[in-house]
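Peer 1: Once you've had a glance at the structure underneath, I'll fire off some questions.
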Amino acid sequence: MGVKCNPKRPKILLVPYPAQGHVNPMLKLGLSFVSHGFEPIVVTPEFIHHRIAANLDPHKGEVRFVSIPDGLDGEKGPLDFFSIEKSMENVMPIYLESLLRKFDEDEGKVVCLVIDLLASWAIQVAERCGIPAAGFWPAMQVTYRLITAIPEMIHSDLISETGCPRHQGTVLSLPSQPLLSTEDLPWLIGTQASRKARLKFWTRTLERSTTLPWLLINSFPREFIDEYEADVRIAPPHASPIVFPVGPLTKPSLTTVKNPSFWKEDTNCLDWLNHHESNSVIYVSFGSWVSPVGDAKIKTLALTLESLNRPFIWVLAESWRQGLPNGYSERVSKQGKLVSWAPQLQILRHKAVGVYITHCGWNSTMEAIQCRKRLLCYPVAGDQFVNCKYIVKVWKIGVRLNGLELKDVEEAVRKVTEDEEMEGRLMKIYQRTMGEEASSSVMGNLKAFIFGLNQVQHLKDVKTF
Ligand SMILES: O=c1ccn([C@@H]2O[C@H](COP(=O)(O)OP(=O)(O)O[C@H]3O[C@H](CO)[C@@H](O)[C@H](O)[C@H]3O)[C@@H](O)[C@H]2O)c(=O)[nH]1
């Protein structure tokens with residue numbers, strides 16, 4: 001798929017975790033390698049490859065997408081975390097290995113694998129094939145730091161060996177950063193057994209990533225600063241890779257490239273937006289992830305949006321619609337648009353959109369900043385609680401929803417729209433994350449990574465010779 005291979009250009013294979021919020025930044029990271037003379041190839045499991053293939057932007061063929069078998073049936077509906085994990089551990093490695101060997105024989109050299117840490121299974125494949133690997137962290141650096149603190153947390157008895165918090169409250173305190181608490185631990189999802197299994201996933205990820213020389217992070221270089229805007233040194237844990245912040249991979253220079261959407265975007269809502277006044281529409285989206293939002297909450301939010309009496313666009317997958325009250329879609333058809341998947345960035349850019357109710361996924365957070373939209377935060381799982389903390393307490397560009405009842409949302413909408421200083425804070429965080437200085441630091445970091453990679457490659461070549 002995409003352009004034909006170019007045997008002259010060294011190849012970098014990128015292995016994302018198979019979720020929208022992971023594949024999007026990987027594509028953009030791949031594109032950043034093109035101008036450095038590499039041929040980027042994104043490897044995805046078949047179940048998402050089928051979906052992406054239908055929605056890929058054909059003229060942006062600079063990045064190739066290839067698939068590997070996964071043993072999964074993605075047609076039946078959303079796959080859960082554990083079936084994907086099973087496939088990643090037991091099925092995909094052997095196919096990636098044979099793909100790498102095939103590349104080596106037929107198409108020329110793969111010089112590096114860039115591996116999403118949530119797909120850490122591929123680190124061992126790279127090792128077996130003798131190919132240098134770099135890690136990729138798709139979210140904030142602080143959430144990576146939280147994961148790397150697991151051994152310290154167990155050692156100081158803040159959590160048990162199975163990840164169960166010993167008490168409620170602070171688990172990690174970093175200089176000049178908000179305190180991270182038990183609520184922010186990303187494995188605390190679902191039953192006791194699922195929490196234990198998720199902690200195991202993270203500890204295995206950590207163990208595997210200790211062999212990585214480099215880690216590319218989809219966050220901005222000045223993520224850690226103090227109240228005087230001075231950079232703060234956050235000591236990395238022992239045996240950690242060299243970190244290169246290269247994000248956000250959503251910044252304006254990269255957004256001419258269409259995201260490789262897993263679902264077809266409903267573009268009718270763009271025309272609909274053109275008929276609405278500036279800042280009047282509420283956009284609601286909880287990203288792509290299968291999150292335990294639940295029917296009851298969907299129903300509450302549905303009734304709230306209706307009673308707010310403001311126009312809205314709500315991204316709600318078909319599989320989540322059982323919770324809607326009978327006849328809801330027809331009833332609200334004049335007031336709002338329910339879509340299964342939206343052209344999110346175009347919606348956020350639209351002047352009619354004033355407020356964004358978000359799950360605080362990292363890419364969505366960065367896109368909101370890029371478009372300077374005020375946020376109402378409703379974190380659901382994983383890193384979203386930490387992202388929410390930064391949005392609300394540090395950057396002060398949004399308000400956390402305490403619930404989805406009318407009173408909760410009404411009050412929060414009032415707070416964000418009446419806050420006259422929020423516009424200025426949005427501009428400030430925009431500059432810090434995507435402004436000129438941030439962009440040139442990112443370019444420098446990418447160059448430094450590539451310099452390191454070339455040195456390793458040179459040493460390998462000398463040895464082979
Ligand atoms: O209708 C929609 C909804 C979303 N998007 C796009 O999908 C991406 C969603 O990414 P993100 O906001 O990061 O959410 P998730 O896909 O849910 O991402 C997962 O991965 C992220 C990166 O690790 C984490 O921060 C999240 O918590 C985790 O749920 C964004 O680029 C959106 O523009 C669309 O194009 N159309």
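Just so we're on the same page: first chain in the structure tokens is A, next is B, and so on; residues restart at 1 for each chain, and ligands are numbered from 1 in the order they show up.
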Distance limit 8 Å, reference ligand 1, atoms considered: only C-alpha atoms and all ligand atoms. Which residues make the cut? Give them as a ChimeraX atom specification.
Peer 2: /A:19-22,24-25,137-140,250,259,261,265,285-291,315-316,339-345,359-365,367,381-384,387
Peer 1: Write the residues you've just listed into a file as a short mmCIF file (atom, residue, chain, number, x, y, z; two decimals), in the first residue's frame, and include N, CA and C atoms for each of them.
Peer 2:
data_model
loop_
_atom_site.label_atom_id
_atom_site.label_comp_id
_atom_site.auth_asym_id
_atom_site.auth_seq_id
_atom_site.Cartn_x
_atom_site.Cartn_y
_atom_site.Cartn_z
N ALA A 19 -4.45 1.26 18.26
CA ALA A 19 -5.59 2.12 18.62
C ALA A 19 -5.39 3.44 17.88
N GLN A 20 -6.49 4.15 17.63
CA GLN A 20 -6.42 5.36 16.81
C GLN A 20 -5.42 6.38 17.37
N GLY A 21 -5.47 6.57 18.68
CA GLY A 21 -4.61 7.57 19.32
C GLY A 21 -3.13 7.17 19.29
N HIS A 22 -2.82 5.98 18.83
CA HIS A 22 -1.43 5.54 18.73
C HIS A 22 -0.98 5.53 17.27
N ASN A 24 -2.21 7.39 14.77
CA ASN A 24 -2.12 8.76 14.23
C ASN A 24 -0.74 9.38 14.46
N PRO A 25 -0.25 9.43 15.71
CA PRO A 25 1.07 10.06 15.88
C PRO A 25 2.20 9.25 15.25
N TRP A 137 6.70 6.70 23.12
CA TRP A 137 5.67 6.88 24.15
C TRP A 137 4.66 7.86 23.58
N PRO A 138 3.38 7.44 23.40
CA PRO A 138 2.45 8.28 22.64
C PRO A 138 1.82 9.41 23.45
N ALA A 139 2.20 9.55 24.70
CA ALA A 139 1.47 10.49 25.56
C ALA A 139 2.42 11.42 26.31
N MET A 140 1.95 12.00 27.41
CA MET A 140 2.77 12.95 28.18
C MET A 140 3.97 12.23 28.80
N THR A 250 0.92 16.46 16.50
CA THR A 250 -0.34 16.98 15.96
C THR A 250 -0.14 18.41 15.52
N ASN A 259 -5.43 11.94 9.09
CA ASN A 259 -5.23 10.80 9.98
C ASN A 259 -5.69 9.51 9.31
N SER A 261 -7.83 7.15 9.56
CA SER A 261 -9.01 6.84 10.38
C SER A 261 -9.41 5.37 10.33
N GLU A 265 -15.26 8.95 8.25
CA GLU A 265 -15.66 10.21 8.89
C GLU A 265 -16.97 10.71 8.31
N SER A 285 -16.72 14.18 22.41
CA SER A 285 -16.10 12.96 21.89
C SER A 285 -15.25 12.32 22.97
N PHE A 286 -15.36 11.00 23.05
CA PHE A 286 -14.54 10.26 24.01
C PHE A 286 -13.47 9.43 23.30
N GLY A 287 -13.04 9.91 22.11
CA GLY A 287 -11.95 9.25 21.40
C GLY A 287 -12.34 7.90 20.85
N SER A 288 -11.34 7.05 20.68
CA SER A 288 -11.59 5.79 19.98
C SER A 288 -11.61 4.62 20.94
N TRP A 289 -11.14 4.83 22.11
CA TRP A 289 -10.87 3.69 22.97
C TRP A 289 -12.14 3.07 23.54
N VAL A 290 -12.11 1.75 23.72
CA VAL A 290 -13.25 1.04 24.30
C VAL A 290 -13.20 1.31 25.79
N SER A 291 -13.99 2.27 26.22
CA SER A 291 -13.89 2.66 27.63
C SER A 291 -15.17 2.31 28.38
N VAL A 315 -19.90 12.51 19.04
CA VAL A 315 -19.35 11.31 18.39
C VAL A 315 -19.71 10.11 19.27
N LEU A 316 -20.57 9.27 18.74
CA LEU A 316 -21.04 8.12 19.52
C LEU A 316 -21.11 6.90 18.59
N VAL A 339 -22.89 11.45 15.43
CA VAL A 339 -22.11 10.85 14.34
C VAL A 339 -21.28 9.70 14.90
N SER A 340 -21.02 8.71 14.04
CA SER A 340 -20.25 7.55 14.52
C SER A 340 -18.77 7.88 14.60
N TRP A 341 -18.30 8.71 13.68
CA TRP A 341 -16.88 9.10 13.66
C TRP A 341 -16.81 10.43 12.93
N ALA A 342 -16.03 11.34 13.46
CA ALA A 342 -16.06 12.71 12.93
C ALA A 342 -14.70 13.13 12.38
N PRO A 343 -14.69 14.14 11.49
CA PRO A 343 -13.41 14.75 11.10
C PRO A 343 -13.01 15.71 12.23
N GLN A 344 -12.46 15.13 13.30
CA GLN A 344 -12.33 15.89 14.55
C GLN A 344 -11.56 17.20 14.41
N LEU A 345 -10.43 17.14 13.74
CA LEU A 345 -9.62 18.35 13.69
C LEU A 345 -10.36 19.47 12.95
N HIS A 359 -12.66 13.16 26.66
CA HIS A 359 -12.17 12.13 27.60
C HIS A 359 -10.71 12.42 28.01
N CYS A 360 -10.13 13.47 27.41
CA CYS A 360 -8.76 13.88 27.70
C CYS A 360 -7.72 12.92 27.14
N GLY A 361 -8.02 12.24 26.05
CA GLY A 361 -6.98 11.48 25.33
C GLY A 361 -5.91 12.48 24.92
N TRP A 362 -4.65 12.05 24.87
CA TRP A 362 -3.56 12.99 24.66
C TRP A 362 -3.63 13.69 23.31
N ASN A 363 -3.96 12.94 22.23
CA ASN A 363 -4.02 13.58 20.92
C ASN A 363 -5.15 14.60 20.86
N SER A 364 -6.29 14.24 21.43
CA SER A 364 -7.43 15.17 21.43
C SER A 364 -7.09 16.42 22.24
N THR A 365 -6.37 16.24 23.33
CA THR A 365 -5.97 17.40 24.15
C THR A 365 -5.10 18.34 23.33
N GLU A 367 -4.95 18.54 20.08
CA GLU A 367 -5.72 19.12 18.98
C GLU A 367 -6.58 20.29 19.48
N ALA A 381 -10.26 6.61 31.54
CA ALA A 381 -9.33 5.51 31.81
C ALA A 381 -7.90 5.93 31.47
N GLY A 382 -6.95 5.09 31.90
CA GLY A 382 -5.54 5.24 31.51
C GLY A 382 -4.94 6.58 31.90
N ASP A 383 -4.23 7.19 30.96
CA ASP A 383 -3.53 8.45 31.23
C ASP A 383 -4.46 9.66 31.30
N GLN A 384 -5.74 9.45 31.03
CA GLN A 384 -6.66 10.59 30.90
C GLN A 384 -6.81 11.40 32.19
N ASN A 387 -3.76 13.71 32.29
CA ASN A 387 -3.93 14.79 31.30
C ASN A 387 -4.93 15.83 31.82
#
Peer 1: Which parts of stretch 260-373 of chain A does DSSP call strand (DSSP E or B) when run on the backbone here, written out as an MDAnalysis selection string?
Peer 2: chainID A and resid 281:285 312:315 336:339 353:358
Peer 1: Please list as a list in words every residue within 12 Å of A:Pro237, counting only C-alpha atoms and excluding residues in the same chain fewer than 5 positions away.
Peer 2: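 Listing them by chain and then by number gives Tyr144, Arg145, Leu146, Ile147, Thr148, Ala149, Ile150, Pro151, Glu152, Leu206, Thr210, Ile242 and Val243 of chain A.
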Peer 1: To one decimal place in Å, what is the distance between atom CA of A:Trp187 and atom CA of A:Thr203?
Peer 2: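 Pair atom CA of A:Trp187 / atom CA of A:Thr203 returns 10.7 Å.
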Peer 1: Near A:Gln124, counting only C-alpha atoms, which residues have an atom at most 9 Å away, once you skip same-chain residues fewer than 5 positions from it, shown as number ranges by chain?
Peer 2: A: 93, 129, 208
Peer 1: Could you write those residues out with all heavy atoms, as a PDB file, in the first residue's frame?
Peer 2:
ATOM      1  N   PRO A  93       4.352 -11.619  16.998  1.00  0.00           N
ATOM      2  CA  PRO A  93       5.822 -11.608  16.931  1.00  0.00           C
ATOM      3  C   PRO A  93       6.379 -12.434  15.769  1.00  0.00           C
ATOM      4  O   PRO A  93       7.245 -11.948  15.030  1.00  0.00           O
ATOM      5  CB  PRO A  93       6.243 -12.188  18.286  1.00  0.00           C
ATOM      6  CG  PRO A  93       5.122 -11.841  19.196  1.00  0.00           C
ATOM      7  CD  PRO A  93       3.877 -11.909  18.358  1.00  0.00           C
ATOM      8  N   CYS A 129      16.379 -10.106  15.670  1.00  0.00           N
ATOM      9  CA  CYS A 129      16.820  -9.844  14.290  1.00  0.00           C
ATOM     10  C   CYS A 129      18.057  -8.943  14.244  1.00  0.00           C
ATOM     11  O   CYS A 129      18.520  -8.590  13.164  1.00  0.00           O
ATOM     12  CB  CYS A 129      15.691  -9.185  13.498  1.00  0.00           C
ATOM     13  SG  CYS A 129      14.261 -10.247  13.330  1.00  0.00           S
ATOM     14  N   ARG A 208      11.042  -4.842  29.480  1.00  0.00           N
ATOM     15  CA  ARG A 208      11.537  -4.920  28.105  1.00  0.00           C
ATOM     16  C   ARG A 208      12.187  -3.621  27.658  1.00  0.00           C
ATOM     17  O   ARG A 208      13.160  -3.632  26.916  1.00  0.00           O
ATOM     18  CB  ARG A 208      10.378  -5.252  27.156  1.00  0.00           C
ATOM     19  CG  ARG A 208       9.908  -6.688  27.300  1.00  0.00           C
ATOM     20  CD  ARG A 208       8.682  -6.909  26.457  1.00  0.00           C
ATOM     21  NE  ARG A 208       8.232  -8.280  26.484  1.00  0.00           N
ATOM     22  CZ  ARG A 208       7.021  -8.666  26.083  1.00  0.00           C
ATOM     23  NH1 ARG A 208       6.161  -7.780  25.635  1.00  0.00           N
ATOM     24  NH2 ARG A 208       6.687  -9.928  26.131  1.00  0.00           N
TER      25      ARG A 208
END
Peer 1: Any idea what the distance is between atom CA of A:Ile48 and atom CA of A:Pro69?
Peer 2: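 Computing it gives 10.6 Å between the two atoms.
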Peer 1: A:Val34: which residues within 9 Å, counting only C-alpha atoms, same-chain residues fewer than 4 positions away excluded, as a list in words?
Peer 2: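 Answer for this query is Gly30, Phe38, Glu39, Pro40, Glu62 and Val63 of chain A.
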Peer 1: Please extract the residues of stretch 151-260 of chain A with a backbone DSSP assignment of alpha helix (DSSP H) and present them as a VMD selection string.
Peer 2: chain A and resid 151 to 155 192 to 209
Peer 1: Atom CA of A:Ile282 and atom CA of A:Ile357 are how many Å apart?
Peer 2: 7.2 Å
Peer 1: I want to know what sits within 7 Å of stretch 444-461 of chain A, based on only C-alpha atoms, with residues of the same chain fewer than 6 positions away left out; could you give that as a ChimeraX atom specification?
Peer 2: /A:244-246
Peer 1: Let's have the selection written as an mmCIF file, in the first residue's frame, with all heavy atoms.
Peer 2:
data_model
loop_
_atom_site.group_PDB
_atom_site.id
_atom_site.type_symbol
_atom_site.label_atom_id
_atom_site.label_comp_id
_atom_site.auth_asym_id
_atom_site.auth_seq_id
_atom_site.Cartn_x
_atom_site.Cartn_y
_atom_site.Cartn_z
ATOM 1 N N PHE A 244 13.839 11.713 24.022
ATOM 2 C CA PHE A 244 13.734 12.811 23.056
ATOM 3 C C PHE A 244 12.267 13.230 22.918
ATOM 4 O O PHE A 244 11.494 12.516 22.265
ATOM 5 C CB PHE A 244 14.215 12.369 21.664
ATOM 6 C CG PHE A 244 15.668 12.018 21.595
ATOM 7 C CD1 PHE A 244 16.065 10.695 21.547
ATOM 8 C CD2 PHE A 244 16.639 13.013 21.563
ATOM 9 C CE1 PHE A 244 17.407 10.364 21.459
ATOM 10 C CE2 PHE A 244 17.988 12.683 21.483
ATOM 11 C CZ PHE A 244 18.370 11.354 21.434
ATOM 12 N N PRO A 245 11.859 14.352 23.516
ATOM 13 C CA PRO A 245 10.483 14.808 23.267
ATOM 14 C C PRO A 245 10.377 15.297 21.814
ATOM 15 O O PRO A 245 11.119 16.185 21.408
ATOM 16 C CB PRO A 245 10.291 15.956 24.256
ATOM 17 C CG PRO A 245 11.408 15.834 25.246
ATOM 18 C CD PRO A 245 12.554 15.208 24.501
ATOM 19 N N VAL A 246 9.513 14.705 21.049
ATOM 20 C CA VAL A 246 9.400 15.062 19.623
ATOM 21 C C VAL A 246 7.969 15.454 19.253
ATOM 22 O O VAL A 246 7.584 15.441 18.094
ATOM 23 C CB VAL A 246 9.873 13.907 18.704
ATOM 24 C CG1 VAL A 246 11.356 13.662 18.859
ATOM 25 C CG2 VAL A 246 9.083 12.622 18.964
#
Peer 1: From the options A:Leu199, A:Pro260, A:Tyr95, A:Gln431, which residue's atoms come nearest to A:Phe65, counting only C-alpha atoms?
Peer 2: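 So, comparing all the options, the nearest one is A:Pro260.
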Peer 1: Which neighbours of A:Ile313 fall inside 7 Å, counting only C-alpha atoms, when residues of the same chain fewer than 6 positions from it are skipped, and could you give them as a list in words?
Peer 2: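 Residues meeting the cut-off are Ile282, Tyr283, Val284, Gly336, Lys337 and Leu338 of chain A.
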Peer 1: With only C-alpha atoms as the basis for distance, which of A:Arg195, A:Glu107, A:Lys297, A:Ile123 is at the shortest distance from A:Thr211?
Peer 2: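 Of A:Arg195, A:Glu107, A:Lys297, A:Ile123, the one nearest A:Thr211, counting only C-alpha atoms, is A:Ile123.
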